[in-house]
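This is input_11.pdb (PDB, C-alpha atoms).
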```pdb
ATOM      1  CA  MET L  26      12.789  42.998  42.964
ATOM      2  CA  ASP L  27      15.849  42.344  40.807
ATOM      3  CA  SER L  28      18.865  44.206  42.155
ATOM      4  CA  VAL L  29      21.204  44.164  39.163
ATOM      5  CA  PRO L  30      20.691  47.708  37.819
ATOM      6  CA  GLY L  31      20.419  48.010  34.075
ATOM      7  CA  ARG L  32      20.648  44.285  33.458
ATOM      8  CA  GLY L  33      17.159  42.985  34.088
ATOM      9  CA  ARG L  34      16.619  39.667  35.851
ATOM     10  CA  ALA L  35      19.522  38.355  37.992
ATOM     11  CA  THR L  36      21.360  35.310  36.679
ATOM     12  CA  LEU L  37      23.037  32.347  38.326
ATOM     13  CA  ARG L  38      26.393  33.973  37.539
ATOM     14  CA  ASP L  39      25.324  37.163  39.358
ATOM     15  CA  VAL L  40      24.490  35.110  42.471
ATOM     16  CA  ALA L  41      27.851  33.291  42.286
ATOM     17  CA  ARG L  42      29.750  36.585  41.991
ATOM     18  CA  ALA L  43      27.884  38.110  44.948
ATOM     19  CA  ALA L  44      28.445  35.028  47.105
ATOM     20  CA  GLY L  45      32.084  34.654  46.065
ATOM     21  CA  VAL L  46      31.682  31.095  44.835
ATOM     22  CA  ALA L  47      31.625  29.221  41.531
ATOM     23  CA  THR L  48      28.449  29.070  39.445
ATOM     24  CA  SER L  49      28.416  25.269  39.809
ATOM     25  CA  THR L  50      28.400  25.693  43.586
ATOM     26  CA  VAL L  51      25.316  27.925  43.417
ATOM     27  CA  SER L  52      23.609  25.330  41.255
ATOM     28  CA  ARG L  53      24.384  22.569  43.741
ATOM     29  CA  VAL L  54      23.157  24.650  46.696
ATOM     30  CA  LEU L  55      19.857  25.264  44.918
ATOM     31  CA  SER L  56      19.348  21.748  43.570
ATOM     32  CA  GLU L  57      20.883  19.583  46.313
ATOM     33  CA  PRO L  58      20.316  21.172  49.722
ATOM     34  CA  GLY L  59      22.531  19.735  52.445
ATOM     35  CA  ARG L  60      25.405  18.748  50.119
ATOM     36  CA  ILE L  61      27.340  22.040  50.561
ATOM     37  CA  SER L  62      28.812  23.425  53.789
ATOM     38  CA  PRO L  63      26.467  25.537  55.971
ATOM     39  CA  ALA L  64      28.616  28.660  55.569
ATOM     40  CA  THR L  65      28.644  28.472  51.765
ATOM     41  CA  THR L  66      24.949  27.623  51.667
ATOM     42  CA  ALA L  67      24.181  30.668  53.837
ATOM     43  CA  ALA L  68      26.268  32.946  51.585
ATOM     44  CA  VAL L  69      24.487  31.714  48.468
ATOM     45  CA  GLN L  70      21.014  32.035  50.012
ATOM     46  CA  ARG L  71      21.847  35.571  51.168
ATOM     47  CA  ALA L  72      22.930  36.528  47.637
ATOM     48  CA  VAL L  73      19.767  34.984  46.196
ATOM     49  CA  GLN L  74      17.613  37.111  48.514
ATOM     50  CA  GLU L  75      19.567  40.315  47.936
ATOM     51  CA  LEU L  76      19.481  39.960  44.152
ATOM     52  CA  GLY L  77      15.922  38.683  43.993
ATOM     53  CA  TYR L  78      17.122  35.712  41.962
ATOM     54  CA  GLU L  79      14.379  33.394  40.717
ATOM     55  CA  ALA L  80      15.587  29.961  39.626
ATOM     56  CA  ARG L  81      14.319  28.901  36.236
ATOM     57  CA  GLN L  82      12.453  25.617  36.133
ATOM     58  CA  ARG L  83      15.015  22.929  35.554
ATOM     59  CA  THR L  84      14.404  20.472  32.769
ATOM     60  CA  PRO L  85      13.853  17.146  34.482
ATOM     61  CA  SER L  86      16.069  14.235  33.567
ATOM     62  CA  GLY L  87      15.659  10.484  33.802
ATOM     63  CA  PRO L  88      12.472   8.460  33.230
ATOM     64  CA  ASP L  89      10.191  11.211  34.558
ATOM     65  CA  ALA L  90      11.463  13.589  31.868
ATOM     66  CA  LYS L  91       9.771  11.506  29.190
ATOM     67  CA  PRO L  92       6.163  12.122  28.190
ATOM     68  CA  ARG L  93       3.615   9.703  29.615
ATOM     69  CA  ALA L  94       3.712   7.590  26.471
ATOM     70  CA  VAL L  95       4.043   3.879  25.726
ATOM     71  CA  ALA L  96       5.083   2.605  22.301
ATOM     72  CA  LEU L  97       3.293  -0.331  20.689
ATOM     73  CA  LEU L  98       5.195  -1.924  17.801
ATOM     74  CA  VAL L  99       3.294  -4.293  15.486
ATOM     75  CA  PRO L 100       4.580  -6.081  12.355
ATOM     76  CA  ASP L 101       1.666  -5.137  10.094
ATOM     77  CA  ILE L 102      -0.939  -2.536  11.014
ATOM     78  CA  THR L 103      -3.218  -3.749   8.191
ATOM     79  CA  ASN L 104      -3.458  -7.286   9.619
ATOM     80  CA  PRO L 105      -6.794  -7.596  11.478
ATOM     81  CA  PHE L 106      -5.072  -9.743  14.118
ATOM     82  CA  TYR L 107      -3.453  -6.578  15.463
ATOM     83  CA  PHE L 108      -6.693  -4.577  15.584
ATOM     84  CA  ASP L 109      -7.665  -6.109  18.929
ATOM     85  CA  ILE L 110      -4.130  -5.659  20.253
ATOM     86  CA  ILE L 111      -4.158  -1.973  19.319
ATOM     87  CA  HIS L 112      -7.593  -1.485  20.843
ATOM     88  CA  GLY L 113      -6.838  -3.446  24.016
ATOM     89  CA  THR L 114      -3.583  -1.639  24.768
ATOM     90  CA  GLN L 115      -4.889   1.812  23.916
ATOM     91  CA  GLU L 116      -7.974   1.595  26.123
ATOM     92  CA  GLN L 117      -5.964   0.455  29.130
ATOM     93  CA  LEU L 118      -3.143   2.934  28.601
ATOM     94  CA  LYS L 119      -5.629   5.784  28.228
ATOM     95  CA  ALA L 120      -7.300   4.829  31.510
ATOM     96  CA  ALA L 121      -3.888   4.915  33.200
ATOM     97  CA  GLY L 122      -3.052   8.353  31.796
ATOM     98  CA  TYR L 123      -0.692   7.252  29.031
ATOM     99  CA  THR L 124      -0.647   8.016  25.335
ATOM    100  CA  GLN L 125      -0.061   5.153  22.922
ATOM    101  CA  LEU L 126       2.587   5.564  20.210
ATOM    102  CA  LEU L 127       1.749   3.115  17.410
ATOM    103  CA  VAL L 128       4.491   1.933  15.034
ATOM    104  CA  ASP L 129       4.158  -0.408  12.035
ATOM    105  CA  THR L 130       7.436  -2.349  11.673
ATOM    106  CA  GLU L 131       6.561  -3.787   8.233
ATOM    107  CA  GLU L 132       7.407  -7.416   9.118
ATOM    108  CA  SER L 133      11.073  -6.356   9.171
ATOM    109  CA  ALA L 134      13.596  -6.891  11.957
ATOM    110  CA  ASP L 135      15.660  -3.958  10.638
ATOM    111  CA  VAL L 136      12.681  -1.594  10.633
ATOM    112  CA  GLU L 137      11.708  -2.780  14.116
ATOM    113  CA  GLU L 138      15.206  -2.204  15.489
ATOM    114  CA  SER L 139      15.348   1.261  13.942
ATOM    115  CA  ALA L 140      11.899   2.095  15.306
ATOM    116  CA  LEU L 141      12.931   1.032  18.790
ATOM    117  CA  GLU L 142      15.939   3.337  18.635
ATOM    118  CA  SER L 143      13.582   6.183  17.715
ATOM    119  CA  VAL L 144      10.947   5.603  20.394
ATOM    120  CA  ILE L 145      13.077   4.634  23.401
ATOM    121  CA  PRO L 146      14.099   8.260  24.141
ATOM    122  CA  SER L 147      10.462   9.408  24.152
ATOM    123  CA  ALA L 148       8.559   6.420  25.571
ATOM    124  CA  ARG L 149       8.464   5.245  29.169
ATOM    125  CA  GLY L 150       7.766   1.685  28.088
ATOM    126  CA  VAL L 151       7.356  -0.533  25.026
ATOM    127  CA  ILE L 152       5.043  -3.376  24.037
ATOM    128  CA  LEU L 153       6.361  -5.494  21.172
ATOM    129  CA  ALA L 154       3.773  -7.604  19.354
ATOM    130  CA  ALA L 155       5.195 -10.655  17.522
ATOM    131  CA  SER L 156       8.691  -9.159  17.505
ATOM    132  CA  ARG L 157      10.962 -10.078  14.578
ATOM    133  CA  LEU L 158      14.128  -8.970  16.406
ATOM    134  CA  SER L 159      16.966 -11.372  17.066
ATOM    135  CA  THR L 160      17.080 -12.784  20.580
ATOM    136  CA  GLY L 161      20.111 -10.648  21.420
ATOM    137  CA  ALA L 162      18.552  -7.437  20.101
ATOM    138  CA  LEU L 163      15.348  -8.073  22.043
ATOM    139  CA  ALA L 164      17.234  -8.752  25.272
ATOM    140  CA  GLY L 165      19.347  -5.635  24.728
ATOM    141  CA  ALA L 166      16.286  -3.445  24.222
ATOM    142  CA  ALA L 167      14.775  -4.758  27.462
ATOM    143  CA  GLU L 168      17.870  -3.533  29.325
ATOM    144  CA  ARG L 169      17.259   0.024  28.100
ATOM    145  CA  VAL L 170      13.519   0.443  28.599
ATOM    146  CA  PRO L 171      10.709  -1.373  30.454
ATOM    147  CA  LEU L 172       9.430  -3.791  27.836
ATOM    148  CA  VAL L 173       6.831  -6.551  27.455
ATOM    149  CA  ALA L 174       6.713  -8.941  24.494
ATOM    150  CA  LEU L 175       3.544 -10.415  23.012
ATOM    151  CA  ASN L 176       3.958 -13.894  21.488
ATOM    152  CA  ARG L 177       7.703 -14.054  22.038
ATOM    153  CA  ASN L 178       9.451 -15.955  24.841
ATOM    154  CA  ASP L 179      13.112 -16.536  24.047
ATOM    155  CA  ALA L 180      14.952 -13.463  25.341
ATOM    156  CA  GLY L 181      14.272 -13.521  29.079
ATOM    157  CA  VAL L 182      11.911 -10.544  28.946
ATOM    158  CA  PRO L 183       8.386 -10.310  30.417
ATOM    159  CA  ALA L 184       6.007 -11.939  27.956
ATOM    160  CA  VAL L 185       2.371 -12.702  27.238
ATOM    161  CA  LEU L 186       1.881 -15.790  25.083
ATOM    162  CA  ILE L 187      -1.124 -16.998  23.144
ATOM    163  CA  ASP L 188      -0.609 -20.730  23.613
ATOM    164  CA  PRO L 189      -1.517 -22.659  20.432
ATOM    165  CA  GLY L 190      -1.293 -26.045  22.136
ATOM    166  CA  TYR L 191      -4.892 -26.772  23.023
ATOM    167  CA  GLY L 192      -6.270 -25.314  19.788
ATOM    168  CA  ILE L 193      -3.908 -27.276  17.533
ATOM    169  CA  HIS L 194      -4.556 -30.544  19.379
ATOM    170  CA  GLN L 195      -8.294 -29.932  19.002
ATOM    171  CA  ALA L 196      -7.756 -29.263  15.298
ATOM    172  CA  PHE L 197      -5.975 -32.598  14.873
ATOM    173  CA  GLN L 198      -8.683 -34.478  16.733
ATOM    174  CA  HIS L 199     -11.238 -32.787  14.489
ATOM    175  CA  LEU L 200      -9.380 -33.644  11.270
ATOM    176  CA  VAL L 201      -8.584 -37.215  12.322
ATOM    177  CA  SER L 202     -12.269 -37.751  13.081
ATOM    178  CA  LEU L 203     -12.869 -36.764   9.449
ATOM    179  CA  ASP L 204     -10.337 -39.423   8.272
ATOM    180  CA  HIS L 205      -7.519 -37.050   7.285
ATOM    181  CA  SER L 206      -4.176 -38.851   7.510
ATOM    182  CA  ARG L 207      -1.757 -36.377   5.887
ATOM    183  CA  ILE L 208      -1.926 -32.813   7.196
ATOM    184  CA  ALA L 209       0.227 -29.826   6.229
ATOM    185  CA  PHE L 210       1.354 -26.850   8.288
ATOM    186  CA  ILE L 211       1.509 -23.653   6.239
ATOM    187  CA  SER L 212       4.286 -21.873   8.108
ATOM    188  CA  GLY L 213       4.642 -18.137   8.656
ATOM    189  CA  PRO L 214       7.737 -15.920   8.384
ATOM    190  CA  ALA L 215      11.057 -17.653   8.980
ATOM    191  CA  GLN L 216      11.903 -15.204  11.770
ATOM    192  CA  SER L 217       8.529 -15.633  13.512
ATOM    193  CA  TRP L 218       8.938 -17.164  16.961
ATOM    194  CA  SER L 219       5.240 -18.064  17.135
ATOM    195  CA  SER L 220       5.423 -19.900  13.798
ATOM    196  CA  GLN L 221       8.208 -22.089  15.179
ATOM    197  CA  TRP L 222       6.186 -22.740  18.324
ATOM    198  CA  ARG L 223       3.095 -23.708  16.316
ATOM    199  CA  TRP L 224       5.143 -26.112  14.191
ATOM    200  CA  GLN L 225       6.535 -27.822  17.297
ATOM    201  CA  VAL L 226       3.015 -28.313  18.647
ATOM    202  CA  PHE L 227       1.862 -29.442  15.183
ATOM    203  CA  GLU L 228       4.560 -32.149  15.036
ATOM    204  CA  GLU L 229       3.676 -33.321  18.548
ATOM    205  CA  ALA L 230      -0.040 -33.563  17.695
ATOM    206  CA  ALA L 231       0.746 -35.420  14.461
ATOM    207  CA  ARG L 232       2.802 -38.027  16.332
ATOM    208  CA  GLU L 233       0.099 -38.488  18.954
ATOM    209  CA  ASN L 234      -2.548 -39.043  16.272
ATOM    210  CA  GLY L 235      -0.461 -41.170  13.898
ATOM    211  CA  VAL L 236      -0.740 -38.601  11.105
ATOM    212  CA  ASP L 237       1.822 -37.651   8.454
ATOM    213  CA  ALA L 238       3.002 -34.072   9.068
ATOM    214  CA  VAL L 239       4.130 -31.845   6.193
ATOM    215  CA  ARG L 240       5.683 -28.402   6.609
ATOM    216  CA  LEU L 241       5.282 -25.915   3.778
ATOM    217  CA  GLY L 242       6.710 -22.417   3.521
ATOM    218  CA  PRO L 243       7.791 -20.079   5.000
ATOM    219  CA  TYR L 244       5.217 -17.573   3.786
ATOM    220  CA  SER L 245       4.533 -13.937   4.536
ATOM    221  CA  PRO L 246       1.396 -13.795   6.721
ATOM    222  CA  LYS L 247      -0.701 -12.006   4.091
ATOM    223  CA  GLN L 248      -3.574 -12.935   1.783
ATOM    224  CA  THR L 249      -1.307 -12.399  -1.219
ATOM    225  CA  SER L 250       0.878 -15.309  -0.074
ATOM    226  CA  GLY L 251      -2.105 -17.648  -0.069
ATOM    227  CA  ALA L 252      -1.895 -18.443  -3.775
ATOM    228  CA  ALA L 253       1.595 -19.930  -3.538
ATOM    229  CA  ALA L 254       0.653 -21.733  -0.331
ATOM    230  CA  ALA L 255      -2.424 -23.270  -1.956
ATOM    231  CA  ASP L 256      -0.411 -24.506  -4.936
ATOM    232  CA  ALA L 257       2.161 -26.049  -2.591
ATOM    233  CA  LEU L 258      -0.598 -27.730  -0.591
ATOM    234  CA  LEU L 259      -1.979 -29.437  -3.682
ATOM    235  CA  THR L 260       1.511 -30.607  -4.667
ATOM    236  CA  SER L 261       2.100 -32.023  -1.163
ATOM    237  CA  LYS L 262      -0.864 -34.419  -1.498
ATOM    238  CA  ALA L 263      -2.032 -33.460   2.003
ATOM    239  CA  SER L 264      -5.821 -33.564   2.333
ATOM    240  CA  ALA L 265      -5.945 -30.846   5.013
ATOM    241  CA  CYS L 266      -3.830 -28.041   6.417
ATOM    242  CA  ILE L 267      -3.466 -25.656   9.322
ATOM    243  CA  ALA L 268      -2.274 -22.246   8.169
ATOM    244  CA  PHE L 269      -0.072 -19.963  10.264
ATOM    245  CA  ASN L 270      -2.789 -17.327  10.295
ATOM    246  CA  ASP L 271      -6.233 -16.589   8.913
ATOM    247  CA  LEU L 272      -4.983 -14.183   6.231
ATOM    248  CA  LEU L 273      -2.925 -16.959   4.642
ATOM    249  CA  ALA L 274      -5.873 -19.336   4.903
ATOM    250  CA  ILE L 275      -8.246 -16.810   3.271
ATOM    251  CA  GLY L 276      -5.769 -16.266   0.444
ATOM    252  CA  MET L 277      -5.616 -20.038  -0.027
ATOM    253  CA  LEU L 278      -9.412 -20.294  -0.236
ATOM    254  CA  ARG L 279      -9.428 -17.733  -3.040
ATOM    255  CA  ARG L 280      -6.687 -19.485  -4.987
ATOM    256  CA  LEU L 281      -8.291 -22.918  -4.627
ATOM    257  CA  ARG L 282     -11.602 -21.534  -5.857
ATOM    258  CA  THR L 283      -9.964 -20.110  -8.999
ATOM    259  CA  ARG L 284      -8.360 -23.512  -9.646
ATOM    260  CA  GLY L 285     -11.680 -25.267  -9.337
ATOM    261  CA  ILE L 286     -10.719 -27.045  -6.097
ATOM    262  CA  LYS L 287     -13.665 -27.391  -3.739
ATOM    263  CA  VAL L 288     -13.309 -26.676  -0.007
ATOM    264  CA  PRO L 289     -13.964 -28.773   2.008
ATOM    265  CA  GLN L 290     -14.908 -31.501  -0.480
ATOM    266  CA  ASP L 291     -11.422 -31.746  -2.020
ATOM    267  CA  VAL L 292      -9.279 -30.263   0.757
ATOM    268  CA  SER L 293      -9.871 -28.901   4.265
ATOM    269  CA  ILE L 294      -8.429 -25.608   5.505
ATOM    270  CA  ILE L 295      -7.955 -24.407   9.089
ATOM    271  CA  GLY L 296      -6.681 -20.940   9.987
ATOM    272  CA  CYS L 297      -5.278 -19.446  13.176
ATOM    273  CA  ASP L 298      -6.391 -16.432  15.246
ATOM    274  CA  ASP L 299     -10.088 -16.081  14.278
ATOM    275  CA  ILE L 300      -9.699 -12.539  12.975
ATOM    276  CA  PHE L 301     -12.601 -10.276  12.079
ATOM    277  CA  GLY L 302     -13.962 -11.575   8.785
ATOM    278  CA  ALA L 303     -12.936 -15.218   9.218
ATOM    279  CA  ASP L 304     -16.620 -16.173   9.397
ATOM    280  CA  PHE L 305     -17.449 -14.109   6.274
ATOM    281  CA  CYS L 306     -15.287 -16.222   3.944
ATOM    282  CA  ASN L 307     -16.591 -18.570   1.289
ATOM    283  CA  PRO L 308     -16.780 -21.029   2.930
ATOM    284  CA  PRO L 309     -16.640 -19.623   6.497
ATOM    285  CA  LEU L 310     -13.247 -20.508   7.942
ATOM    286  CA  THR L 311     -12.647 -23.140  10.604
ATOM    287  CA  THR L 312      -9.939 -21.591  12.765
ATOM    288  CA  ILE L 313      -8.045 -21.697  16.052
ATOM    289  CA  THR L 314      -9.528 -18.892  18.117
ATOM    290  CA  ALA L 315      -7.103 -16.756  20.120
ATOM    291  CA  PRO L 316      -7.907 -14.388  23.025
ATOM    292  CA  VAL L 317      -6.110 -11.511  21.318
ATOM    293  CA  GLU L 318      -7.586  -8.516  23.122
ATOM    294  CA  GLN L 319      -7.233 -10.249  26.475
ATOM    295  CA  ALA L 320      -3.557 -10.882  25.719
ATOM    296  CA  ALA L 321      -3.116  -7.188  24.909
ATOM    297  CA  ARG L 322      -4.705  -6.158  28.191
ATOM    298  CA  VAL L 323      -2.556  -8.574  30.196
ATOM    299  CA  ALA L 324       0.583  -7.253  28.491
ATOM    300  CA  THR L 325      -0.452  -3.662  29.208
ATOM    301  CA  SER L 326      -1.158  -4.450  32.874
ATOM    302  CA  MET L 327       2.234  -6.131  33.141
ATOM    303  CA  LEU L 328       3.994  -3.085  31.693
ATOM    304  CA  LEU L 329       2.033  -0.591  33.797
ATOM    305  CA  ASN L 330       3.011  -2.539  36.909
ATOM    306  CA  ARG L 331       6.664  -2.147  35.956
ATOM    307  CA  LEU L 332       6.236   1.543  35.204
ATOM    308  CA  GLY L 333       4.598   1.942  38.586
ATOM    309  CA  GLY L 334       7.727   0.851  40.383
ATOM    310  CA  GLY L 335       7.861  -2.906  39.863
ATOM    311  CA  PRO L 336      11.382  -4.370  39.617
ATOM    312  CA  LEU L 337      12.719  -4.172  36.062
ATOM    313  CA  ALA L 338      14.502  -7.508  36.466
ATOM    314  CA  ALA L 339      11.349  -9.372  37.435
ATOM    315  CA  ARG L 340      10.578 -12.209  35.023
ATOM    316  CA  GLN L 341       6.924 -12.675  34.234
ATOM    317  CA  VAL L 342       5.290 -14.929  31.675
ATOM    318  CA  SER L 343       1.550 -15.265  31.171
ATOM    319  CA  GLN L 344       0.020 -17.884  28.845
ATOM    320  CA  LEU L 345      -3.533 -17.749  27.488
ATOM    321  CA  PRO L 346      -5.134 -20.804  25.833
ATOM    322  CA  THR L 347      -6.648 -21.123  22.370
ATOM    323  CA  HIS L 348      -9.512 -23.319  21.123
ATOM    324  CA  LEU L 349     -10.869 -24.610  17.828
ATOM    325  CA  THR L 350     -13.889 -22.945  16.231
ATOM    326  CA  VAL L 351     -15.420 -25.258  13.622
ATOM    327  CA  ARG L 352     -17.097 -23.686  10.599
ATOM    328  CA  GLU L 353     -17.470 -24.863   6.995
ATOM    329  CA  SER L 354     -13.932 -25.042   5.583
ATOM    330  CA  THR L 355     -13.314 -28.525   7.014
ATOM    331  CA  GLY L 356     -14.993 -31.762   6.050
ATOM    332  CA  PRO L 357     -14.386 -35.481   5.469
ATOM    333  CA  ALA L 358     -11.203 -36.480   3.676
ATOM    334  CA  PRO L 359     -11.786 -37.207  -0.035
ATOM    335  CA  LEU L 360     -12.019 -40.886  -0.910
ATOM    336  CA  ARG L 361      -8.737 -42.364  -2.143
ATOM    337  CA  ARG L 362      -8.901 -44.054  -5.516
TER     338      ARG L 362
END
```
Can you turn what I pasted into structure tokens?
Amino acid sequence: MDSVPGRGRATLRDVARAAGVATSTVSRVLSEPGRISPATTAAVQRAVQELGYEARQRTPSGPDAKPRAVALLVPDITNPFYFDIIHGTQEQLKAAGYTQLLVDTEESADVEESALESVIPSARGVILAASRLSTGALAGAAERVPLVALNRNDAGVPAVLIDPGYGIHQAFQHLVSLDHSRIAFISGPAQSWSSQWRWQVFEEAARENGVDAVRLGPYSPKQTSGAAAADALLTSKASACIAFNDLLAIGMLRRLRTRGIKVPQDVSIIGCDDIFGADFCNPPLTTITAPVEQAARVATSMLLNRLGGGPLAARQVSQLPTHLTVRESTGPAPLRR
């Protein structure tokens, strides 16, 4: 029963006055037993009992104060490449009792940085897919919140990489067997780490196969960029290309068709990622198949391990291989006249 007549429920200040101590001392006695002298502790506890004081639930602080949520940031939610990432992370997070916070960063480093600032206070961890942040900004974010990067490995943070090496080398072997001797790389965004990685592997494969390598772009990884990429390909005199992603390649197929250029009779096109719909194109797209959903699940497992008490400074990198899937957009090089 409360014993402060006429005033309702006893307060922390009432307990402090009855015990003859400061309010902060009462708070410390109640929240940190053993830190205050036995005599003071006894006086406070006696006042608590006499007044019938009931401590209000304290608002927790620190990581446990945040909701059980993990933020997933992707550059373009409309890109089918990210569908499997969204699905893979969400299913695993749900099974672990976490809610997924999905953010579209619009292929913009500024939007991504702003979004991170917004979600860090309310998310226990973050998965960044194909981050466009600067190396310094990415490393700084990883110091503030448990974080795993997908397809990014230059900031010393835990990462899951879809390794283009095997797939691109297979693509070159395939094209060389069809007598292509000048092959273009249709590059992605200038700030894309994975586009730079793919170009490095492309150059290496070109040297190994004695093929002329041409780099075109950069281009936004969207179908709408395919028209400009297709025009540049024709100007380059390359007889085949590997596009940064399938959306670019599909946009190129459409543009070439409107210009009366036949694929693969006049030029061969290879995409990357093997997104949903790549086999529905006209012609069906030869592409470098990536284990996208598996990569998402590995990244989620890596983050959940850290949220479960793993050391935040631990450096982990997991690489998953790609492979070439041959369809109908590649064929023999056109005869030179």
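Of the residues under consideration (L:Gly165, L:Gly150, L:Pro309, L:Pro100), L:Pro309 shows the shortest atom-to-atom contact distance to L:Ile294 when counting all atoms listed in the file.
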Using the chain letters and numbers from the file, give me the residues hit by the PyMOL selection byres ((chain L and resi 199-201) around 10), as a VMD selection string. chain L and resid 193 to 198 202 to 208 231 234 to 236 264 to 266 293 to 295 349 351 355 to 358
As a check of understanding: the span from atom CA of L:Thr311 to atom CA of L:Phe269 is 13.0 Å
Just want the 12 Å neighbourhood of L:Ser220, counted on only C-alpha atoms, with same-chain residues fewer than 4 positions away dropped. Output as a PDB file with C-alpha atoms, keeping the file's coordinate frame.
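So part21.pdb came out as:
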```pdb
ATOM      1  CA  ALA L 155       5.195 -10.655  17.522  1.00  0.00           C
ATOM      2  CA  SER L 156       8.691  -9.159  17.505  1.00  0.00           C
ATOM      3  CA  ARG L 157      10.962 -10.078  14.578  1.00  0.00           C
ATOM      4  CA  ASN L 176       3.958 -13.894  21.488  1.00  0.00           C
ATOM      5  CA  ARG L 177       7.703 -14.054  22.038  1.00  0.00           C
ATOM      6  CA  ILE L 187      -1.124 -16.998  23.144  1.00  0.00           C
ATOM      7  CA  ASP L 188      -0.609 -20.730  23.613  1.00  0.00           C
ATOM      8  CA  PRO L 189      -1.517 -22.659  20.432  1.00  0.00           C
ATOM      9  CA  PHE L 210       1.354 -26.850   8.288  1.00  0.00           C
ATOM     10  CA  ILE L 211       1.509 -23.653   6.239  1.00  0.00           C
ATOM     11  CA  SER L 212       4.286 -21.873   8.108  1.00  0.00           C
ATOM     12  CA  GLY L 213       4.642 -18.137   8.656  1.00  0.00           C
ATOM     13  CA  PRO L 214       7.737 -15.920   8.384  1.00  0.00           C
ATOM     14  CA  ALA L 215      11.057 -17.653   8.980  1.00  0.00           C
ATOM     15  CA  GLN L 216      11.903 -15.204  11.770  1.00  0.00           C
ATOM     16  CA  TRP L 224       5.143 -26.112  14.191  1.00  0.00           C
ATOM     17  CA  GLN L 225       6.535 -27.822  17.297  1.00  0.00           C
ATOM     18  CA  VAL L 226       3.015 -28.313  18.647  1.00  0.00           C
ATOM     19  CA  PHE L 227       1.862 -29.442  15.183  1.00  0.00           C
ATOM     20  CA  ARG L 240       5.683 -28.402   6.609  1.00  0.00           C
ATOM     21  CA  LEU L 241       5.282 -25.915   3.778  1.00  0.00           C
ATOM     22  CA  GLY L 242       6.710 -22.417   3.521  1.00  0.00           C
ATOM     23  CA  PRO L 243       7.791 -20.079   5.000  1.00  0.00           C
ATOM     24  CA  TYR L 244       5.217 -17.573   3.786  1.00  0.00           C
ATOM     25  CA  SER L 245       4.533 -13.937   4.536  1.00  0.00           C
ATOM     26  CA  PRO L 246       1.396 -13.795   6.721  1.00  0.00           C
ATOM     27  CA  ILE L 267      -3.466 -25.656   9.322  1.00  0.00           C
ATOM     28  CA  ALA L 268      -2.274 -22.246   8.169  1.00  0.00           C
ATOM     29  CA  PHE L 269      -0.072 -19.963  10.264  1.00  0.00           C
ATOM     30  CA  ASN L 270      -2.789 -17.327  10.295  1.00  0.00           C
ATOM     31  CA  CYS L 297      -5.278 -19.446  13.176  1.00  0.00           C
TER      32      CYS L 297
END
```
Tell me, as a PyMOL selection string, which residues lie within 12 Å of L:Leu328, counting only C-alpha atoms; anything in the same chain fewer than 2 positions away does not count. chain L and resi 94-97+114+117-118+121+123+149-153+167+170-175+182-185+321-326+330-337+339-342
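Each of L:Val69, L:Ser62, L:Leu186, L:Ala320 was compared to L:Gly45 using all atoms listed in the file, and L:Val69 turns out to be the nearest.
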